[in-house]
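Enquirer: So here's start.tsv, just TSV, C-alpha atoms:
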chain	number	residue	atom	x	y	z
A	1	MET	CA	-32.20	-6.36	-42.62
A	2	ASP	CA	-33.03	-3.45	-40.32
A	3	LEU	CA	-30.86	-3.99	-37.23
A	4	ASP	CA	-32.95	-1.55	-35.17
A	5	ALA	CA	-35.99	-3.75	-35.87
A	6	VAL	CA	-33.99	-6.87	-34.96
A	7	ARG	CA	-32.82	-5.22	-31.71
A	8	THR	CA	-36.44	-4.32	-30.91
A	9	PHE	CA	-37.56	-7.89	-31.58
A	10	VAL	CA	-34.91	-9.29	-29.21
A	11	ALA	CA	-35.88	-6.80	-26.49
A	12	ALA	CA	-39.56	-7.72	-26.81
A	13	ALA	CA	-38.72	-11.44	-26.76
A	14	ASP	CA	-36.60	-10.99	-23.60
A	15	THR	CA	-39.12	-8.86	-21.72
A	16	GLY	CA	-42.29	-10.52	-23.03
A	17	GLN	CA	-43.92	-7.08	-23.21
A	18	PHE	CA	-43.91	-4.47	-25.97
A	19	GLN	CA	-44.33	-1.82	-23.29
A	20	GLU	CA	-41.25	-2.98	-21.34
A	21	ALA	CA	-39.26	-3.26	-24.56
A	22	ALA	CA	-40.24	0.32	-25.37
A	23	ALA	CA	-39.02	1.50	-21.95
A	24	GLU	CA	-35.74	-0.40	-22.32
A	25	LEU	CA	-35.07	1.05	-25.78
A	26	MET	CA	-36.40	4.50	-24.85
A	27	LEU	CA	-39.09	4.33	-27.56
A	28	THR	CA	-42.86	4.63	-27.60
A	29	GLN	CA	-44.88	1.45	-27.58
A	30	GLN	CA	-46.24	2.45	-30.98
A	31	ALA	CA	-42.69	2.64	-32.39
A	32	VAL	CA	-41.95	-0.85	-31.04
A	33	SER	CA	-45.10	-2.24	-32.65
A	34	LYS	CA	-44.24	-0.53	-35.94
A	35	ARG	CA	-40.70	-1.90	-36.03
A	36	ILE	CA	-41.80	-5.46	-35.31
A	37	ALA	CA	-44.62	-5.23	-37.85
A	38	GLY	CA	-42.07	-4.13	-40.48
A	39	LEU	CA	-39.77	-7.00	-39.57
A	40	GLU	CA	-42.63	-9.51	-39.79
A	41	LYS	CA	-43.61	-8.10	-43.20
A	42	GLY	CA	-40.04	-8.45	-44.49
A	43	LEU	CA	-39.76	-12.04	-43.21
A	44	GLY	CA	-43.25	-13.00	-44.31
A	45	VAL	CA	-44.14	-14.61	-40.93
A	46	ARG	CA	-45.66	-13.68	-37.57
A	47	LEU	CA	-43.08	-13.45	-34.80
A	48	PHE	CA	-45.42	-12.76	-31.85
A	49	THR	CA	-48.94	-13.51	-30.77
A	50	ARG	CA	-50.66	-11.16	-28.35
A	51	THR	CA	-51.92	-12.69	-25.09
A	52	ALA	CA	-53.46	-11.30	-21.94
A	53	ARG	CA	-50.01	-11.45	-20.34
A	54	GLY	CA	-48.19	-9.70	-23.18
A	55	ALA	CA	-46.40	-10.92	-26.31
A	56	LYS	CA	-45.55	-14.56	-26.88
A	57	LEU	CA	-43.15	-15.85	-29.50
A	58	THR	CA	-44.63	-17.90	-32.30
A	59	ILE	CA	-42.81	-21.00	-33.50
A	60	ASP	CA	-41.27	-18.83	-36.24
A	61	GLY	CA	-40.30	-16.25	-33.63
A	62	GLN	CA	-38.59	-18.95	-31.57
A	63	ALA	CA	-36.70	-20.13	-34.67
A	64	PHE	CA	-35.62	-16.60	-35.55
A	65	LEU	CA	-34.50	-15.52	-32.04
A	66	PRO	CA	-31.01	-17.17	-31.92
A	67	HIS	CA	-30.22	-15.82	-35.39
A	68	ALA	CA	-31.40	-12.35	-34.34
A	69	ARG	CA	-29.02	-12.45	-31.37
A	70	ALA	CA	-26.18	-13.55	-33.67
A	71	LEU	CA	-26.93	-10.66	-36.03
A	72	LEU	CA	-26.66	-8.15	-33.20
A	73	GLN	CA	-23.43	-9.72	-31.93
A	74	ALA	CA	-21.95	-9.62	-35.43
A	75	ALA	CA	-22.91	-5.97	-35.77
A	76	GLU	CA	-21.22	-5.14	-32.46
A	77	ARG	CA	-18.05	-6.99	-33.47
A	78	ALA	CA	-18.00	-5.17	-36.80
A	79	ALA	CA	-18.35	-1.78	-35.08
A	80	ALA	CA	-15.73	-2.66	-32.47
A	81	SER	CA	-13.21	-3.62	-35.15
A	82	VAL	CA	-12.99	0.02	-36.28
A	83	ARG	CA	-13.92	1.84	-33.09
A	84	PRO	CA	-11.00	4.07	-32.01
A	85	GLY	CA	-9.07	2.32	-29.27
A	86	SER	CA	-10.73	-1.04	-29.87
A	87	ARG	CA	-8.44	-2.15	-32.69
A	88	ALA	CA	-4.67	-2.40	-32.81
A	89	LEU	CA	-2.68	0.69	-33.74
A	90	ARG	CA	-1.05	-0.19	-37.08
A	91	VAL	CA	2.39	1.37	-37.50
A	92	ASP	CA	4.90	0.97	-40.34
A	93	VAL	CA	8.68	0.86	-39.94
A	94	VAL	CA	11.37	0.47	-42.61
A	95	GLY	CA	12.63	-2.76	-41.01
A	96	ARG	CA	12.47	-4.77	-37.81
A	97	ARG	CA	16.08	-3.91	-36.93
A	98	VAL	CA	15.97	-0.16	-37.40
A	99	ALA	CA	15.90	2.32	-34.54
A	100	THR	CA	12.25	3.19	-34.98
A	101	ALA	CA	11.31	-0.45	-34.39
A	102	GLY	CA	13.22	-0.13	-31.11
A	103	LEU	CA	11.32	3.07	-30.35
A	104	LEU	CA	8.06	1.19	-30.87
A	105	ARG	CA	9.22	-1.56	-28.50
A	106	ASP	CA	9.98	1.08	-25.87
A	107	PHE	CA	6.59	2.69	-26.50
A	108	HIS	CA	4.88	-0.66	-25.99
A	109	ARG	CA	6.67	-1.15	-22.67
A	110	ALA	CA	5.57	2.32	-21.58
A	111	HIS	CA	1.98	1.83	-22.83
A	112	PRO	CA	1.19	-1.90	-22.75
A	113	GLU	CA	-2.52	-1.07	-22.93
A	114	VAL	CA	-2.08	0.02	-26.59
A	115	GLU	CA	-2.20	-3.01	-28.87
A	116	LEU	CA	0.29	-2.65	-31.74
A	117	ASP	CA	0.36	-4.13	-35.22
A	118	VAL	CA	3.85	-3.47	-36.63
A	119	VAL	CA	4.17	-3.74	-40.42
A	120	THR	CA	6.82	-2.98	-43.06
A	121	VAL	CA	5.75	-1.25	-46.27
A	122	TYR	CA	8.43	-1.11	-48.97
A	123	GLY	CA	9.32	2.49	-49.79
A	124	GLY	CA	8.46	5.83	-48.22
A	125	GLY	CA	6.03	6.91	-50.95
A	126	PRO	CA	3.82	3.81	-50.68
A	127	ALA	CA	4.00	4.00	-46.87
A	128	VAL	CA	2.76	7.60	-46.78
A	129	ASP	CA	0.06	6.70	-49.33
A	130	ALA	CA	-1.04	3.88	-47.01
A	131	VAL	CA	-1.42	6.42	-44.19
A	132	ARG	CA	-3.48	8.64	-46.47
A	133	ASP	CA	-5.71	5.72	-47.51
A	134	GLY	CA	-6.17	4.52	-43.92
A	135	THR	CA	-4.43	1.18	-44.48
A	136	ILE	CA	-2.04	2.03	-41.64
A	137	ASP	CA	-2.27	4.59	-38.84
A	138	ALA	CA	1.28	5.95	-38.99
A	139	THR	CA	4.69	5.43	-40.56
A	140	PHE	CA	8.25	6.27	-39.51
A	141	ARG	CA	10.02	7.62	-42.60
A	142	THR	CA	12.14	10.49	-43.82
A	143	LEU	CA	10.26	13.07	-45.83
A	144	PRO	CA	9.56	11.82	-49.38
A	145	PRO	CA	12.52	12.17	-51.78
A	146	PRO	CA	12.80	15.30	-53.93
A	147	GLY	CA	9.97	15.74	-56.41
A	148	ARG	CA	7.34	13.97	-54.31
A	149	LYS	CA	5.00	16.01	-52.14
A	150	LEU	CA	3.16	14.87	-49.04
A	151	PRO	CA	-0.52	14.10	-49.65
A	152	ALA	CA	-3.07	16.51	-48.21
A	153	GLY	CA	-4.06	15.79	-44.63
A	154	ILE	CA	-0.75	14.18	-43.64
A	155	ALA	CA	1.03	15.63	-40.60
A	156	VAL	CA	4.71	15.10	-39.79
A	157	GLY	CA	6.64	15.17	-36.53
A	158	TYR	CA	10.33	14.53	-35.89
A	159	ALA	CA	10.98	11.35	-33.92
A	160	MET	CA	14.72	10.79	-34.02
A	161	TYR	CA	17.95	11.94	-35.67
A	162	GLU	CA	20.05	8.78	-35.88
A	163	PRO	CA	23.81	9.12	-36.52
A	164	VAL	CA	25.26	7.17	-39.43
A	165	GLN	CA	28.40	5.09	-38.79
A	166	LEU	CA	31.09	3.64	-41.05
A	167	VAL	CA	31.57	-0.14	-40.80
A	168	THR	CA	34.79	-1.73	-42.07
A	169	GLY	CA	36.75	-4.95	-41.85
A	170	PRO	CA	40.02	-5.19	-39.89
A	171	ALA	CA	42.22	-4.64	-42.97
A	172	HIS	CA	40.51	-1.44	-44.09
A	173	GLU	CA	42.41	1.86	-44.04
A	174	PHE	CA	40.10	3.31	-41.37
A	175	ALA	CA	39.88	0.19	-39.17
A	176	GLY	CA	40.51	1.09	-35.56
A	177	ALA	CA	40.07	4.84	-36.09
A	178	ARG	CA	38.29	6.56	-33.20
A	179	SER	CA	36.33	8.63	-35.71
A	180	VAL	CA	36.34	9.62	-39.37
A	181	SER	CA	35.04	12.77	-41.04
A	182	PRO	CA	32.78	12.31	-44.09
A	183	ALA	CA	35.30	14.34	-46.12
A	184	GLN	CA	37.96	11.67	-45.44
A	185	LEU	CA	35.79	9.17	-47.32
A	186	ALA	CA	36.22	11.03	-50.62
A	187	GLY	CA	37.14	8.54	-53.33
A	188	HIS	CA	36.32	5.51	-51.16
A	189	ARG	CA	33.80	2.84	-52.15
A	190	ILE	CA	30.79	2.29	-49.88
A	191	TRP	CA	28.88	-0.88	-50.68
A	192	MET	CA	25.12	-0.72	-50.00
A	193	PRO	CA	23.31	-3.32	-52.15
A	194	GLY	CA	20.02	-2.59	-50.38
A	195	ASN	CA	19.87	0.94	-51.83
A	196	ALA	CA	17.06	0.33	-54.31
A	197	PRO	CA	16.40	3.20	-56.75
A	198	GLY	CA	13.46	5.41	-55.81
A	199	THR	CA	13.57	4.68	-52.08
A	200	GLU	CA	14.04	7.47	-49.56
A	201	TRP	CA	17.15	5.81	-48.09
A	202	ALA	CA	18.77	5.57	-51.54
A	203	ALA	CA	18.06	9.28	-52.11
A	204	TYR	CA	19.58	10.09	-48.70
A	205	TYR	CA	22.86	8.26	-49.36
A	206	GLU	CA	23.12	9.52	-52.95
A	207	ASP	CA	22.95	13.10	-51.65
A	208	MET	CA	25.49	12.27	-48.95
A	209	ALA	CA	27.87	10.81	-51.56
A	210	ALA	CA	27.48	13.91	-53.74
A	211	GLU	CA	28.20	16.15	-50.75
A	212	PHE	CA	31.35	14.37	-49.54
A	213	GLY	CA	32.77	12.76	-52.68
A	214	PHE	CA	32.66	9.03	-51.93
A	215	VAL	CA	31.11	6.37	-54.18
A	216	ILE	CA	27.95	4.45	-53.31
A	217	ASP	CA	28.03	1.00	-54.90
A	218	ALA	CA	24.53	-0.46	-54.94
A	219	VAL	CA	25.33	-3.41	-57.20
A	220	GLY	CA	23.54	-6.47	-55.84
A	221	PRO	CA	22.09	-8.89	-55.36
A	222	ASP	CA	21.03	-7.96	-51.84
A	223	PHE	CA	21.23	-11.08	-49.65
A	224	GLY	CA	20.68	-9.19	-46.41
A	225	VAL	CA	22.85	-7.68	-43.69
A	226	GLU	CA	24.61	-10.94	-42.78
A	227	SER	CA	25.89	-11.44	-46.33
A	228	LEU	CA	26.89	-7.78	-46.53
A	229	LEU	CA	28.97	-8.08	-43.36
A	230	ASP	CA	30.66	-11.25	-44.70
A	231	THR	CA	32.00	-9.21	-47.61
A	232	ILE	CA	32.93	-6.16	-45.53
A	233	ALA	CA	34.88	-8.33	-43.05
A	234	GLU	CA	37.08	-9.73	-45.85
A	235	SER	CA	37.66	-6.47	-47.75
A	236	ALA	CA	40.52	-4.00	-47.31
A	237	THR	CA	38.91	-1.40	-49.60
A	238	VAL	CA	35.13	-1.57	-49.14
A	239	GLY	CA	33.13	-0.23	-46.23
A	240	THR	CA	29.43	0.26	-45.61
A	241	PHE	CA	27.15	2.52	-43.60
A	242	LEU	CA	24.87	1.45	-40.78
A	243	SER	CA	22.82	3.53	-38.40
A	244	GLU	CA	24.09	3.89	-34.86
A	245	ARG	CA	21.20	1.99	-33.27
A	246	THR	CA	21.04	-0.89	-35.75
A	247	PRO	CA	21.53	-4.01	-33.57
A	248	LEU	CA	23.95	-6.48	-35.13
A	249	VAL	CA	25.62	-9.73	-34.13
A	250	TRP	CA	28.53	-11.16	-36.12
A	251	PRO	CA	31.19	-13.88	-35.62
A	252	VAL	CA	33.95	-12.73	-33.29
A	253	ASP	CA	36.67	-13.45	-35.85
A	254	TYR	CA	35.21	-10.85	-38.26
A	255	ASP	CA	36.78	-8.04	-36.16
A	256	LEU	CA	34.40	-5.53	-37.72
A	257	CYS	CA	34.80	-1.87	-36.75
A	258	ARG	CA	31.88	0.52	-36.20
A	259	ILE	CA	33.41	3.97	-36.60
A	260	PRO	CA	31.59	7.23	-35.70
A	261	LEU	CA	31.43	9.90	-38.40
A	262	LEU	CA	32.20	13.40	-37.08
A	263	ASP	CA	32.73	16.89	-38.41
A	264	PRO	CA	29.90	16.82	-39.33
A	265	THR	CA	27.86	13.79	-38.21
A	266	PRO	CA	25.48	12.59	-40.94
A	267	VAL	CA	22.13	11.93	-39.28
A	268	TYR	CA	19.23	9.99	-40.72
A	269	PRO	CA	15.99	11.79	-39.81
A	270	HIS	CA	13.18	9.47	-38.71
A	271	LEU	CA	9.86	11.27	-38.93
A	272	LEU	CA	6.42	10.11	-37.87
A	273	HIS	CA	3.67	10.61	-40.46
A	274	TRP	CA	-0.03	10.36	-39.60
A	275	GLN	CA	-3.45	11.38	-40.92
A	276	THR	CA	-4.65	14.52	-39.17
A	277	ASP	CA	-8.24	13.25	-38.75
A	278	ASN	CA	-7.21	9.86	-37.29
A	279	ALA	CA	-8.88	9.68	-33.86
A	280	HIS	CA	-7.23	6.48	-32.56
A	281	PRO	CA	-6.24	7.28	-28.95
A	282	GLY	CA	-3.11	5.13	-29.26
A	283	LEU	CA	-1.89	7.39	-32.08
A	284	ALA	CA	-2.05	10.44	-29.81
A	285	LEU	CA	0.02	8.58	-27.21
A	286	LEU	CA	2.59	7.53	-29.84
A	287	ARG	CA	2.88	11.08	-31.18
A	288	ASP	CA	3.51	12.44	-27.68
A	289	TYR	CA	5.99	9.66	-26.89
A	290	ALA	CA	7.99	10.23	-30.07
A	291	ALA	CA	7.97	14.00	-29.61
A	292	ALA	CA	9.24	13.66	-26.03
A	293	ARG	CA	12.22	11.59	-27.22
A	294	GLY	CA	12.84	13.59	-30.37
A	295	PRO	CA	16.16	14.74	-31.88
A	296	ARG	CA	17.60	15.37	-28.40
A	297	HIS	CA	18.48	11.68	-28.26
A	298	THR	CA	21.06	12.02	-31.05
A	299	ALA	CA	24.68	11.61	-29.98
A	300	ALA	CA	26.22	15.04	-29.47
A	301	ASP	CA	28.71	16.34	-32.04
A	302	PRO	CA	29.91	19.90	-31.41
A	303	THR	CA	30.92	20.22	-35.07
A	304	GLY	CA	27.31	19.83	-36.23
A	305	THR	CA	25.18	17.41	-38.18
A	306	TRP	CA	24.38	16.88	-41.83
A	307	ALA	CA	21.26	15.71	-43.65
A	308	PRO	CA	19.92	16.48	-47.14
A	309	ALA	CA	17.93	19.71	-47.26
A	310	TRP	CA	14.83	17.86	-48.51
A	311	SER	CA	14.82	15.55	-45.48
A	312	ARG	CA	14.75	18.26	-42.82
Would you mind writing the structure in this file as C-alpha cells?

Expert:
Amino acid sequence: MDLDAVRTFVAAADTGQFQEAAAELMLTQQAVSKRIAGLEKGLGVRLFTRTARGAKLTIDGQAFLPHARALLQAAERAAASVRPGSRALRVDVVGRRVATAGLLRDFHRAHPEVELDVVTVYGGGPAVDAVRDGTIDATFRTLPPPGRKLPAGIAVGYAMYEPVQLVTGPAHEFAGARSVSPAQLAGHRIWMPGNAPGTEWAAYYEDMAAEFGFVIDAVGPDFGVESLLDTIAESATVGTFLSERTPLVWPVDYDLCRIPLLDPTPVYPHLLHWQTDNAHPGLALLRDYAAARGPRHTAADPTGTWAPAWSR
C-alpha cells in the first residue's frame, strides 16, 4: 500500500479539505486528489464524498481511518528502529568480566544518553564478520589471528593494552614473588582450558608460549573461571594467566597470588573494530572515548612490553 497516499488520506480526513491537506503536505490540490483517487481504486471503495463544505468521509472512509493511522505509526516505528541514534548501539566484548566490558561501563557512565546493547560473539573472526554484516556496530578484539585478513570497510583503533598476570596457588614456586619475568616461566605448565583452537586469545597465548618457552595446557573441560581457580589454588606446579583488570572473587583460604609479569610485560591488545560507513552517533562517541583512554592506561614497565607481531 502506498504510504504517501495513506498519509494524504489521513491529512484530508483531519482537515476536511483537500486544499488544506495540500497546504499541510506541501502538495498541489491536484496531487492530493490524484493520490486519494489511486488509494480508492486500490481499495475498491469511495473514501470521501464532496460537499459544499469540503470532503466528508464515507462509511468506508470512517472504517479505514483508524487502520490508516496505525499504518503510519507502524511505518514511523520501523524507520525509528534503524535511524542513527534512535536504536541502541550494539557492541561486542569477549566476556562480561574482561577489561573492555569495564570500559563500556565507564563509557555508559560518561554518556548515559547512548543506549547500549552489550553482546558476546564467540571468536574474533565471527565478531568482525558481524560488524561487516551490520549485525553489531562494533567489537573489542585483537586483530584476527595470522592468516585471516580484515574484511574491506572495517576500521581499527587501539583501545587498551592490558598487562597479563601470572596466578598461582600458595604452594607454587612463584607464590609471593613481587614479579616474575616471562623467561622464568620456561618449562612451567600454564593451564588455560578456555583456550579453544582458532580463537584469537588461543593464538596470542600460543605465540607467547613459543616466545618464552613455557607450556600452555588447554586440556578441558572448561567449567569456567571458578573451577579453574579451584585447581590452581590446590596445585604446587600449575599456574594460569589472567588479565590485570579481570575482576575476581575467591574464598579467602585459597591464598591465590596475582603476580605481575615484567621484563618484558606481555600485554593483550584490545582493539575496537567498526564499519567505516556506520553513521550511528553513539559509535563516534565510543571511538573518541576509547581513543582518549588508549594504551596510555597500561601499567608502566620500563623494560618494555611484548605482544605477537600480528596483534599490533

Enquirer: Each residue of segment 181-205 of chain A lying at most 12 Å from segment 258-276 of chain A should get a row with its shortest atom-to-atom pair and the distance in Å to one decimal, counting only C-alpha atoms; could you produce that, ordered by chain and increasing number, as CSV?

Expert:
residue,atom,partner,partner_atom,distance
A:Ser181,CA,A:Leu262,CA,4.9
A:Pro182,CA,A:Leu261,CA,6.3
A:Ala183,CA,A:Asp263,CA,8.5
A:Gln184,CA,A:Leu261,CA,9.8
A:Leu185,CA,A:Leu261,CA,10.0
A:Glu200,CA,A:Tyr268,CA,10.6
A:Trp201,CA,A:Tyr268,CA,8.7
A:Ala202,CA,A:Tyr268,CA,11.7
A:Ala203,CA,A:Tyr268,CA,11.5
A:Tyr204,CA,A:Tyr268,CA,8.0
A:Tyr205,CA,A:Tyr268,CA,9.5

Enquirer: What is the atom CA of Asp217 of chain A to atom CA of Pro193 of chain A distance in Å?

Expert: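 Computed distance, atom CA of Asp217 of chain A to atom CA of Pro193 of chain A, equals 7.0 Å.
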
Enquirer: Between A:Val225, A:Ala152, A:Leu103, A:Val180, which is the closest to Gly194 of chain A once you count all atoms listed in the file?

Expert: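 For Gly194 of chain A, the nearest of the given residues is A:Val225.
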
Enquirer: Using all atoms listed in the file for the distances, tell me which of A:Val118, A:Ala70, A:Leu3, A:Val249 is nearest to Ala88 of chain A.

Expert: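 Residue with the minimum atom-to-atom distance to Ala88 of chain A: A:Val118.
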
Enquirer: What is the atom CA of Pro163 of chain A to atom CA of Gly198 of chain A distance in Å?

Expert: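 Straight-line distance from atom CA of Pro163 of chain A to atom CA of Gly198 of chain A works out to 22.2 Å.
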
Enquirer: Give me, as a PyMOL selection string, all polymer residues having an atom no more than 10 Å from Ser33 of chain A, counting only C-alpha atoms and skipping those fewer than 3 positions away in the same chain.

Expert: chain A and resi 5+8-9+12+18-19+22+28-30+36-39

Enquirer: I need the chosen residues saved as an mmCIF file, keeping the file's coordinate frame, with C-alpha atoms.

Expert:
data_model
loop_
_atom_site.group_PDB
_atom_site.id
_atom_site.type_symbol
_atom_site.label_atom_id
_atom_site.label_comp_id
_atom_site.auth_asym_id
_atom_site.auth_seq_id
_atom_site.Cartn_x
_atom_site.Cartn_y
_atom_site.Cartn_z
ATOM 1 C CA ALA A 5 -35.990 -3.750 -35.870
ATOM 2 C CA THR A 8 -36.440 -4.320 -30.910
ATOM 3 C CA PHE A 9 -37.560 -7.890 -31.580
ATOM 4 C CA ALA A 12 -39.560 -7.720 -26.810
ATOM 5 C CA PHE A 18 -43.910 -4.470 -25.970
ATOM 6 C CA GLN A 19 -44.330 -1.820 -23.290
ATOM 7 C CA ALA A 22 -40.240 0.320 -25.370
ATOM 8 C CA THR A 28 -42.860 4.630 -27.600
ATOM 9 C CA GLN A 29 -44.880 1.450 -27.580
ATOM 10 C CA GLN A 30 -46.240 2.450 -30.980
ATOM 11 C CA ILE A 36 -41.800 -5.460 -35.310
ATOM 12 C CA ALA A 37 -44.620 -5.230 -37.850
ATOM 13 C CA GLY A 38 -42.070 -4.130 -40.480
ATOM 14 C CA LEU A 39 -39.770 -7.000 -39.570
#

Enquirer: Just the number, please: distance in Å from atom CA of Val238 of chain A to atom CA of Arg189 of chain A, one decimal.

Expert: 5.5 Å

Enquirer: With 8 Å of padding per side, what axis-aligned box (centre and edge lengths, Å, one decimal) covers all the listed atoms of segment 11-26 of chain A? Give it as AutoDock Vina command-line options.

Expert:
--center_x -39.7 --center_y -3.5 --center_z -24.1 --size_x 25.3 --size_y 31.9 --size_z 21.5

Enquirer: Dig up all the protein and nucleic acid residues within 7 Å of (30.4, -2.1, -46.9) in the file frame, using only C-alpha atoms, and format them as a ChimeraX atom specification.

Expert: /A:167-168,190-192,228,232,238-241

Enquirer: Go ahead and write the residues just picked, C-alpha atoms, as a PDB file, in the frame of the given file.

Expert:
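result.pdb was written with the following content:
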ATOM      1  CA  VAL A 167      31.570  -0.140 -40.800  1.00  0.00           C
ATOM      2  CA  THR A 168      34.790  -1.730 -42.070  1.00  0.00           C
ATOM      3  CA  ILE A 190      30.790   2.290 -49.880  1.00  0.00           C
ATOM      4  CA  TRP A 191      28.880  -0.880 -50.680  1.00  0.00           C
ATOM      5  CA  MET A 192      25.120  -0.720 -50.000  1.00  0.00           C
ATOM      6  CA  LEU A 228      26.890  -7.780 -46.530  1.00  0.00           C
ATOM      7  CA  ILE A 232      32.930  -6.160 -45.530  1.00  0.00           C
ATOM      8  CA  VAL A 238      35.130  -1.570 -49.140  1.00  0.00           C
ATOM      9  CA  GLY A 239      33.130  -0.230 -46.230  1.00  0.00           C
ATOM     10  CA  THR A 240      29.430   0.260 -45.610  1.00  0.00           C
ATOM     11  CA  PHE A 241      27.150   2.520 -43.600  1.00  0.00           C
TER      12      PHE A 241
END

Enquirer: If we count all atoms listed in the file and set the cut-off at 12 Å, which residues sit around Asp92 of chain A, ignoring sequence neighbours fewer than 6 positions away in its own chain? Please answer as an MDAnalysis selection string.

Expert: chainID A and resid 98 100:101 104 116:124 126:131 135:141 270:274

Enquirer: Just checking: using all atoms listed in the file, which residue out of A:Ala309, A:Leu27, A:Ala159, A:Ala218 ends up closest to Pro197 of chain A?

Expert: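 For Pro197 of chain A, the nearest of the given residues is A:Ala218.
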
Enquirer: Between A:Met26, A:Ala99, A:Ala74, A:Ala80, which has the minimum distance to Pro247 of chain A (counting all atoms listed in the file)?

Expert: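 For Pro247 of chain A, the nearest of the candidates is A:Ala99.
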
Enquirer: Here is a test: counting all atoms listed in the file, which residue of A:Val91, A:Leu71, A:Ala13, A:Ala186 is nearest to Ala55 of chain A?

Expert: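 Nearest to Ala55 of chain A: A:Ala13.
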